[in-house]
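What follows is the content of query.txt, which has compact mmCIF, C-alpha atoms:
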# COMPACT_ATOMS: atom_id res chain seq x y z
CA ASN A 168 0.00 0.00 0.00
CA GLY A 169 1.15 3.53 -0.63
CA CYS A 170 0.13 7.14 -0.98
CA MET A 171 1.66 9.81 -3.22
CA PRO A 172 0.87 13.56 -3.26
CA HIS A 173 0.83 15.54 -6.47
CA PRO A 174 3.71 18.06 -6.55
CA SER A 175 1.51 21.10 -7.22
CA LEU A 176 -2.20 20.18 -7.10
CA PRO A 177 -4.14 19.47 -3.89
CA VAL A 178 -4.57 15.85 -4.93
CA VAL A 179 -3.37 12.59 -3.39
CA ALA A 180 -3.24 9.18 -5.08
CA SER A 181 -3.45 6.00 -3.01
CA TYR A 182 -2.90 2.45 -4.20
CA GLY A 183 -3.00 -1.06 -2.81
CA ILE A 184 -2.41 -4.71 -3.59
CA ASP A 185 -5.58 -4.95 -5.70
CA GLY A 186 -4.12 -2.71 -8.41
CA ASP A 187 -6.81 -0.04 -8.11
CA LEU A 188 -5.91 3.63 -7.89
CA LYS A 189 -7.88 6.16 -5.86
CA ILE A 190 -7.67 9.90 -6.41
CA TRP A 191 -8.38 12.06 -3.36
CA CYS A 192 -8.98 15.80 -3.32
CA PRO A 193 -10.72 18.28 -0.97
CA ASP A 194 -13.80 18.59 -3.18
CA THR A 195 -16.59 16.10 -3.81
CA PRO A 196 -17.69 14.78 -7.23
CA GLU A 197 -20.82 16.94 -6.92
CA ASN A 198 -18.67 20.03 -6.68
CA PRO A 199 -18.04 21.60 -10.13
CA ARG A 200 -14.35 21.93 -9.28
CA PHE A 201 -13.86 18.17 -8.99
CA PRO A 202 -14.04 17.31 -12.74
CA SER A 203 -11.80 20.25 -13.59
CA MET A 204 -9.29 19.05 -10.98
CA LEU A 205 -9.21 15.59 -12.56
CA HIS A 206 -8.85 17.09 -16.04
CA ARG A 207 -5.94 19.23 -14.85
CA LEU A 208 -4.22 16.22 -13.28
CA GLY A 209 -4.83 14.23 -16.44
CA ASP A 210 -3.32 17.03 -18.53
CA VAL A 211 -0.15 17.06 -16.41
CA LEU A 212 0.30 13.29 -16.60
CA GLU A 213 -0.54 13.13 -20.30
CA ALA A 214 1.88 15.93 -21.16
CA SER A 215 4.71 14.35 -19.19
CA LEU A 216 4.12 10.98 -20.83
CA ASP A 217 4.02 12.45 -24.33
CA GLN A 218 7.22 14.38 -23.61
CA TRP A 219 9.01 11.22 -22.52
CA VAL A 220 7.91 9.37 -25.62
CA SER A 221 8.78 12.24 -27.98
CA ASN A 222 12.27 12.53 -26.48
CA SER A 223 12.78 8.78 -26.90
CA ILE A 224 13.92 8.47 -23.30
CA GLU A 225 14.71 4.84 -22.53
CA MET A 226 12.31 3.61 -19.86
CA ARG A 227 10.80 0.39 -18.63
CA VAL A 228 7.36 -0.64 -19.86
CA THR A 229 5.76 -0.52 -16.41
CA PRO A 230 6.09 3.24 -15.66
CA GLU A 231 4.77 4.20 -19.10
CA GLU A 232 1.85 1.79 -18.87
CA GLU A 233 1.05 2.97 -15.34
CA HIS A 234 0.90 6.56 -16.54
CA ARG A 235 -1.37 5.54 -19.38
CA ARG A 236 -3.62 3.62 -17.03
CA ILE A 237 -4.01 6.69 -14.81
CA VAL A 238 -4.72 8.93 -17.81
CA ARG A 239 -7.35 6.48 -19.06
CA PHE A 240 -9.02 6.59 -15.67
CA LEU A 241 -9.02 10.38 -15.54
CA ARG A 242 -10.24 10.63 -19.14
CA GLU A 243 -13.22 8.29 -18.65
CA ASN A 244 -16.31 9.92 -20.22
CA ASP A 245 -14.19 12.99 -21.03
CA ASP A 246 -15.82 13.13 -24.47
CA PRO A 247 -18.55 10.50 -24.97
CA ASP A 248 -18.76 11.31 -28.69
CA ASP A 249 -15.09 10.48 -29.24
CA GLN A 250 -14.84 6.73 -29.66
CA VAL A 251 -11.13 6.77 -30.55
CA PRO A 252 -8.96 5.47 -27.65
CA ASP A 253 -6.54 7.95 -26.11
CA TYR A 254 -3.61 5.77 -27.16
CA PRO A 255 -3.23 3.85 -30.43
CA SER A 256 -2.02 0.80 -28.50
CA ASP A 257 -5.52 0.50 -26.98
CA MET A 258 -7.22 0.03 -30.35
CA LEU A 259 -8.98 -3.30 -30.71
CA GLU A 260 -8.59 -3.19 -34.49
CA LYS A 261 -5.37 -1.71 -35.84
CA PHE A 262 -5.24 0.53 -38.88
CA GLN A 263 -4.93 -1.42 -42.10
CA THR A 264 -4.01 1.45 -44.41
CA TRP A 265 -2.22 4.78 -44.30
CA GLU A 266 -5.42 6.52 -45.39
CA ASP A 267 -7.38 5.18 -42.39
CA ALA A 268 -4.76 6.40 -39.93
CA ALA A 269 -4.46 9.80 -41.61
CA ALA A 270 -8.26 10.21 -41.62
CA THR A 271 -8.35 9.60 -37.86
CA VAL A 272 -5.70 12.27 -37.31
CA GLY A 273 -7.72 14.67 -39.44
CA GLU A 274 -10.91 13.98 -37.48
CA LEU A 275 -9.17 14.54 -34.15
CA LYS A 276 -7.62 17.78 -35.42
CA GLU A 277 -11.01 19.01 -36.61
CA LYS A 278 -12.55 18.31 -33.19
CA GLY A 279 -9.68 20.26 -31.67
CA ASN A 280 -10.34 23.12 -34.07
CA VAL A 281 -14.00 23.28 -33.02
CA LEU A 282 -12.99 23.40 -29.36
CA PHE A 283 -10.34 26.04 -30.07
CA THR A 284 -12.88 28.22 -31.90
CA ALA A 285 -15.16 27.89 -28.86
CA GLN A 286 -12.17 29.04 -26.74
CA LEU A 287 -12.12 25.73 -24.84
CA PHE A 288 -8.35 25.67 -25.00
CA PRO A 289 -7.51 22.87 -22.50
CA ALA A 290 -9.96 20.53 -24.23
CA ALA A 291 -8.63 21.54 -27.66
CA LEU A 292 -5.07 20.90 -26.47
CA ARG A 293 -6.03 17.38 -25.40
CA LYS A 294 -7.43 16.67 -28.87
CA TYR A 295 -4.30 17.97 -30.57
CA ARG A 296 -2.06 15.86 -28.31
CA LYS A 297 -4.15 12.85 -29.14
CA ALA A 298 -3.91 13.64 -32.85
CA SER A 299 -0.11 13.84 -32.48
CA ARG A 300 0.01 10.33 -31.04
CA TYR A 301 -2.02 8.97 -33.93
CA ALA A 302 0.17 10.88 -36.38
CA GLU A 303 2.99 8.60 -35.25
CA GLU A 304 0.86 5.63 -36.32
CA VAL A 305 0.65 7.23 -39.76
CA LYS A 306 4.45 7.26 -39.81
CA LYS A 307 4.67 3.57 -38.92
CA ILE A 308 2.26 2.53 -41.65
CA SER A 309 3.72 4.82 -44.30
CA SER A 310 7.17 3.29 -43.78
CA LYS A 311 5.75 -0.10 -44.77
CA GLU A 312 3.77 0.96 -47.83
CA SER A 313 4.73 1.91 -51.34
CA GLN A 314 5.22 5.57 -52.24
CA ARG A 315 7.09 5.98 -48.95
CA LYS A 316 8.51 9.40 -49.77
CA GLU A 317 5.12 10.92 -50.59
CA LYS A 318 3.46 9.47 -47.51
CA ALA A 319 6.37 10.31 -45.24
CA ASP A 320 6.05 13.94 -46.33
CA ALA A 321 2.33 13.83 -45.60
CA HIS A 322 3.06 12.45 -42.13
CA LEU A 323 5.46 15.30 -41.42
CA LYS A 324 2.79 17.79 -42.50
CA LEU A 325 0.23 16.19 -40.17
CA ARG A 326 2.65 16.16 -37.25
CA ARG A 327 3.68 19.77 -37.90
CA ALA A 328 0.05 20.90 -37.85
CA CYS A 329 -0.58 19.08 -34.57
CA LEU A 330 2.47 20.64 -32.91
CA LEU A 331 1.58 24.13 -34.12
CA ASN A 332 -1.98 23.74 -32.89
CA GLN A 333 -0.70 22.68 -29.49
CA ALA A 334 1.49 25.77 -29.39
CA ALA A 335 -1.52 27.95 -30.27
CA CYS A 336 -3.46 26.50 -27.33
CA GLU A 337 -0.53 26.93 -24.97
CA LEU A 338 -0.18 30.59 -25.95
CA GLN A 339 -3.84 31.12 -25.07
CA MET A 340 -3.42 29.25 -21.77
CA GLY A 341 -0.25 31.08 -20.74
CA ASP A 342 1.98 27.99 -21.02
CA PHE A 343 4.60 29.93 -22.95
CA ALA A 344 7.56 27.63 -22.28
CA GLU A 345 5.60 24.68 -23.66
CA ALA A 346 4.66 26.73 -26.72
CA VAL A 347 8.35 27.45 -27.32
CA ALA A 348 9.18 23.74 -27.00
CA HIS A 349 6.56 22.68 -29.55
CA CYS A 350 7.63 25.36 -32.01
CA ASP A 351 11.26 24.27 -31.53
CA ARG A 352 10.30 20.80 -32.73
CA VAL A 353 8.67 22.22 -35.85
CA LEU A 354 11.53 24.59 -36.64
CA HIS A 355 14.11 21.84 -36.21
CA GLU A 356 12.71 20.23 -39.36
CA HIS A 357 11.21 23.32 -41.03
CA PRO A 358 13.33 26.39 -40.18
CA SER A 359 11.21 28.67 -42.37
CA ASP A 360 7.78 27.78 -41.01
CA VAL A 361 6.16 31.21 -40.54
CA LYS A 362 3.55 30.05 -38.02
CA ALA A 363 6.18 28.39 -35.84
CA LEU A 364 8.41 31.47 -35.97
CA PHE A 365 5.53 33.81 -35.11
CA ARG A 366 4.19 31.65 -32.28
CA ARG A 367 7.63 31.05 -30.80
CA GLY A 368 8.36 34.77 -31.09
CA SER A 369 5.07 35.56 -29.37
CA ALA A 370 5.90 33.11 -26.57
CA HIS A 371 9.36 34.65 -26.10
CA PHE A 372 7.69 38.08 -26.02
CA ALA A 373 5.28 36.95 -23.29
CA LEU A 374 8.22 35.55 -21.30
CA GLY A 375 10.02 38.89 -21.53
CA GLU A 376 12.71 37.46 -23.79
CA TYR A 377 12.52 40.35 -26.22
CA TYR A 378 15.74 39.78 -28.17
CA LEU A 379 14.74 36.18 -28.87
CA ALA A 380 11.28 37.41 -29.81
CA ILE A 381 12.71 39.99 -32.22
CA SER A 382 14.92 37.36 -33.85
CA ASP A 383 11.97 35.06 -34.56
CA LEU A 384 9.58 37.83 -35.55
CA LYS A 385 12.08 39.43 -37.95
CA ARG A 386 12.54 36.08 -39.64
CA ALA A 387 8.78 35.54 -39.85
CA TYR A 388 8.23 39.05 -41.21
CA SER A 389 10.90 38.57 -43.87
CA LEU A 390 8.97 35.53 -45.08
CA GLU A 391 5.48 37.02 -44.78
CA LYS A 392 5.60 40.81 -45.07
CA SER A 393 1.86 41.09 -45.71
CA ASP A 394 0.91 39.78 -42.24
CA PRO A 395 -0.03 42.76 -40.01
CA LEU A 396 0.03 40.67 -36.81
CA ILE A 397 3.69 39.77 -37.27
CA ARG A 398 4.63 43.38 -38.00
CA ARG A 399 2.70 44.68 -34.98
CA LYS A 400 4.27 42.19 -32.57
CA LEU A 401 7.74 42.90 -33.96
CA LEU A 402 7.29 46.65 -33.45
CA GLU A 403 6.03 46.06 -29.89
CA ALA A 404 9.11 43.98 -29.06
CA LYS A 405 11.48 46.58 -30.53
CA GLU A 406 9.72 49.37 -28.64
CA LEU A 407 10.07 47.57 -25.31
CA VAL A 408 13.78 46.96 -25.92
CA MET A 409 14.33 50.62 -26.73
CA LYS A 410 12.37 51.76 -23.65
CA SER A 411 14.53 49.55 -21.44
CA GLY A 412 17.68 51.20 -22.80
CA GLY A 413 18.65 48.32 -25.04
CA THR A 414 19.95 48.50 -28.58
CA ILE A 415 18.76 46.78 -31.72
CA ILE A 416 21.16 45.95 -34.49

Just dump the structure as structure tokens.
Amino acid sequence: NGCMPHPSLPVVASYGIDGDLKIWCPDTPENPRFPSMLHRLGDVLEASLDQWVSNSIEMRVTPEEEHRRIVRFLRENDDPDDQVPDYPSDMLEKFQTWEDAAATVGELKEKGNVLFTAQLFPAALRKYRKASRYAEEVKKISSKESQRKEKADAHLKLRRACLLNQAACELQMGDFAEAVAHCDRVLHEHPSDVKALFRRGSAHFALGEYYLAISDLKRAYSLEKSDPLIRRKLLEAKELVMKSGGTII
């Protein structure tokens, strides 16, 4: 038997020999804060798990599966209309073709877009993360099929869109460091992606890292001079540097 507190949320997890996990918090399920607390905890666990997987950190199967089990528990009935499992490994029937996998990614992205438009940014972020995981399934299938180059390029485009959408949510939620990290991943493979440059520049701006912001925004503006949002943010960053006594070369 054991009990573990969450490092930042007022939540405690207890476990025993029967393999069940109990989540304890000051509120009751009838209290409107309780579901939001579980969603927040699920977001933290899901993000940490996805980060481990994306960084290809070597780890035993048990910790990863335990994290997934907890996320599944916290996500139960999160979206009754979404019948796609949170993780591709939970699918009863695996994808048979590249087109099926890509279609699932597209559907998840579209659901995220609807939530983003409704300004439900945490829920939209969860959909985009889920779409990113299924985009990796697209990669696995495309490597086995003919026309590998064409389908590999399509996979990269899907993954890039998912990462950029996550960054857009994180900017709205104030998770600026995470937005920078997701844009970094895009720019590593596509150094001239205007959206990634603008969103990373905006995140640096929000973090007070004005020189880094100017660097990204200047690059984005050089590629897309007709975009007034990029120009406005660039001018704001330059103005703040000048007001603080800095210099711009």

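Between atom CA of A:Phe283 and atom CA of A:Cys329 there is a distance of 12.8 Å.
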
Atom pair atom CA of A:Ala346 + atom CA of A:Ala180, distance 29.0 Å

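Between A:Arg367 and the candidates A:Asp249, A:Asp394, A:Glu337, A:Asp267, the tightest atom-to-atom separation, counting only C-alpha atoms, involves A:Glu337.
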
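Atom CA of A:Pro289 sits 20.6 Å away from atom CA of A:Arg352.
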
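With distances restricted to only C-alpha atoms, A:His371 is the closest residue to A:Asp342 from A:Arg386, A:His371, A:Asp360, A:Gly412.
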
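Residues with any atom within 10 Å of A:Thr271, counting all atoms listed in the file and excluding same-chain neighbours fewer than 6 positions away, are Val251, Phe262, Glu277, Ala298, Tyr301, Ala302 and Val305 of chain A.
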
Once N, CA and C atoms are restored for stretch 383-402 of chain A, what would the output be as a PDB file, in the coordinates of the input?
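result33.pdb, freshly written:
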ATOM      1  N   ASP A 383      12.974  35.893 -33.904  1.00  0.00           N
ATOM      2  CA  ASP A 383      11.970  35.060 -34.560  1.00  0.00           C
ATOM      3  C   ASP A 383      11.005  35.887 -35.404  1.00  0.00           C
ATOM      4  N   LEU A 384      10.574  37.008 -34.850  1.00  0.00           N
ATOM      5  CA  LEU A 384       9.580  37.830 -35.550  1.00  0.00           C
ATOM      6  C   LEU A 384      10.157  38.482 -36.801  1.00  0.00           C
ATOM      7  N   LYS A 385      11.432  38.872 -36.751  1.00  0.00           N
ATOM      8  CA  LYS A 385      12.080  39.430 -37.950  1.00  0.00           C
ATOM      9  C   LYS A 385      12.142  38.383 -39.051  1.00  0.00           C
ATOM     10  N   ARG A 386      12.474  37.161 -38.657  1.00  0.00           N
ATOM     11  CA  ARG A 386      12.540  36.080 -39.640  1.00  0.00           C
ATOM     12  C   ARG A 386      11.149  35.805 -40.228  1.00  0.00           C
ATOM     13  N   ALA A 387      10.146  35.777 -39.369  1.00  0.00           N
ATOM     14  CA  ALA A 387       8.780  35.540 -39.850  1.00  0.00           C
ATOM     15  C   ALA A 387       8.317  36.663 -40.774  1.00  0.00           C
ATOM     16  N   TYR A 388       8.658  37.901 -40.401  1.00  0.00           N
ATOM     17  CA  TYR A 388       8.230  39.050 -41.210  1.00  0.00           C
ATOM     18  C   TYR A 388       8.930  39.067 -42.564  1.00  0.00           C
ATOM     19  N   SER A 389      10.182  38.628 -42.594  1.00  0.00           N
ATOM     20  CA  SER A 389      10.900  38.570 -43.870  1.00  0.00           C
ATOM     21  C   SER A 389      10.282  37.561 -44.830  1.00  0.00           C
ATOM     22  N   LEU A 390       9.605  36.569 -44.265  1.00  0.00           N
ATOM     23  CA  LEU A 390       8.970  35.530 -45.080  1.00  0.00           C
ATOM     24  C   LEU A 390       7.518  35.864 -45.409  1.00  0.00           C
ATOM     25  N   GLU A 391       6.893  36.707 -44.587  1.00  0.00           N
ATOM     26  CA  GLU A 391       5.480  37.020 -44.780  1.00  0.00           C
ATOM     27  C   GLU A 391       5.234  38.487 -44.439  1.00  0.00           C
ATOM     28  N   LYS A 392       5.669  39.366 -45.327  1.00  0.00           N
ATOM     29  CA  LYS A 392       5.600  40.810 -45.070  1.00  0.00           C
ATOM     30  C   LYS A 392       4.171  41.355 -45.080  1.00  0.00           C
ATOM     31  N   SER A 393       3.237  40.596 -45.617  1.00  0.00           N
ATOM     32  CA  SER A 393       1.860  41.090 -45.710  1.00  0.00           C
ATOM     33  C   SER A 393       1.049  40.831 -44.441  1.00  0.00           C
ATOM     34  N   ASP A 394       1.647  40.134 -43.459  1.00  0.00           N
ATOM     35  CA  ASP A 394       0.910  39.780 -42.240  1.00  0.00           C
ATOM     36  C   ASP A 394       1.010  40.916 -41.226  1.00  0.00           C
ATOM     37  N   PRO A 395      -0.097  41.620 -40.941  1.00  0.00           N
ATOM     38  CA  PRO A 395      -0.030  42.760 -40.010  1.00  0.00           C
ATOM     39  C   PRO A 395       0.227  42.334 -38.566  1.00  0.00           C
ATOM     40  N   LEU A 396      -0.189  41.126 -38.188  1.00  0.00           N
ATOM     41  CA  LEU A 396       0.030  40.670 -36.810  1.00  0.00           C
ATOM     42  C   LEU A 396       1.513  40.503 -36.507  1.00  0.00           C
ATOM     43  N   ILE A 397       2.253  39.961 -37.469  1.00  0.00           N
ATOM     44  CA  ILE A 397       3.690  39.770 -37.270  1.00  0.00           C
ATOM     45  C   ILE A 397       4.370  41.132 -37.141  1.00  0.00           C
ATOM     46  N   ARG A 398       4.020  42.050 -38.025  1.00  0.00           N
ATOM     47  CA  ARG A 398       4.630  43.380 -38.000  1.00  0.00           C
ATOM     48  C   ARG A 398       4.330  44.094 -36.681  1.00  0.00           C
ATOM     49  N   ARG A 399       3.088  44.001 -36.218  1.00  0.00           N
ATOM     50  CA  ARG A 399       2.700  44.680 -34.980  1.00  0.00           C
ATOM     51  C   ARG A 399       3.468  44.122 -33.779  1.00  0.00           C
ATOM     52  N   LYS A 400       3.558  42.798 -33.697  1.00  0.00           N
ATOM     53  CA  LYS A 400       4.270  42.190 -32.570  1.00  0.00           C
ATOM     54  C   LYS A 400       5.748  42.508 -32.616  1.00  0.00           C
ATOM     55  N   LEU A 401       6.326  42.554 -33.804  1.00  0.00           N
ATOM     56  CA  LEU A 401       7.740  42.900 -33.960  1.00  0.00           C
ATOM     57  C   LEU A 401       7.997  44.329 -33.480  1.00  0.00           C
ATOM     58  N   LEU A 402       7.132  45.253 -33.868  1.00  0.00           N
ATOM     59  CA  LEU A 402       7.290  46.650 -33.450  1.00  0.00           C
ATOM     60  C   LEU A 402       7.140  46.788 -31.935  1.00  0.00           C
TER      61      LEU A 402
END
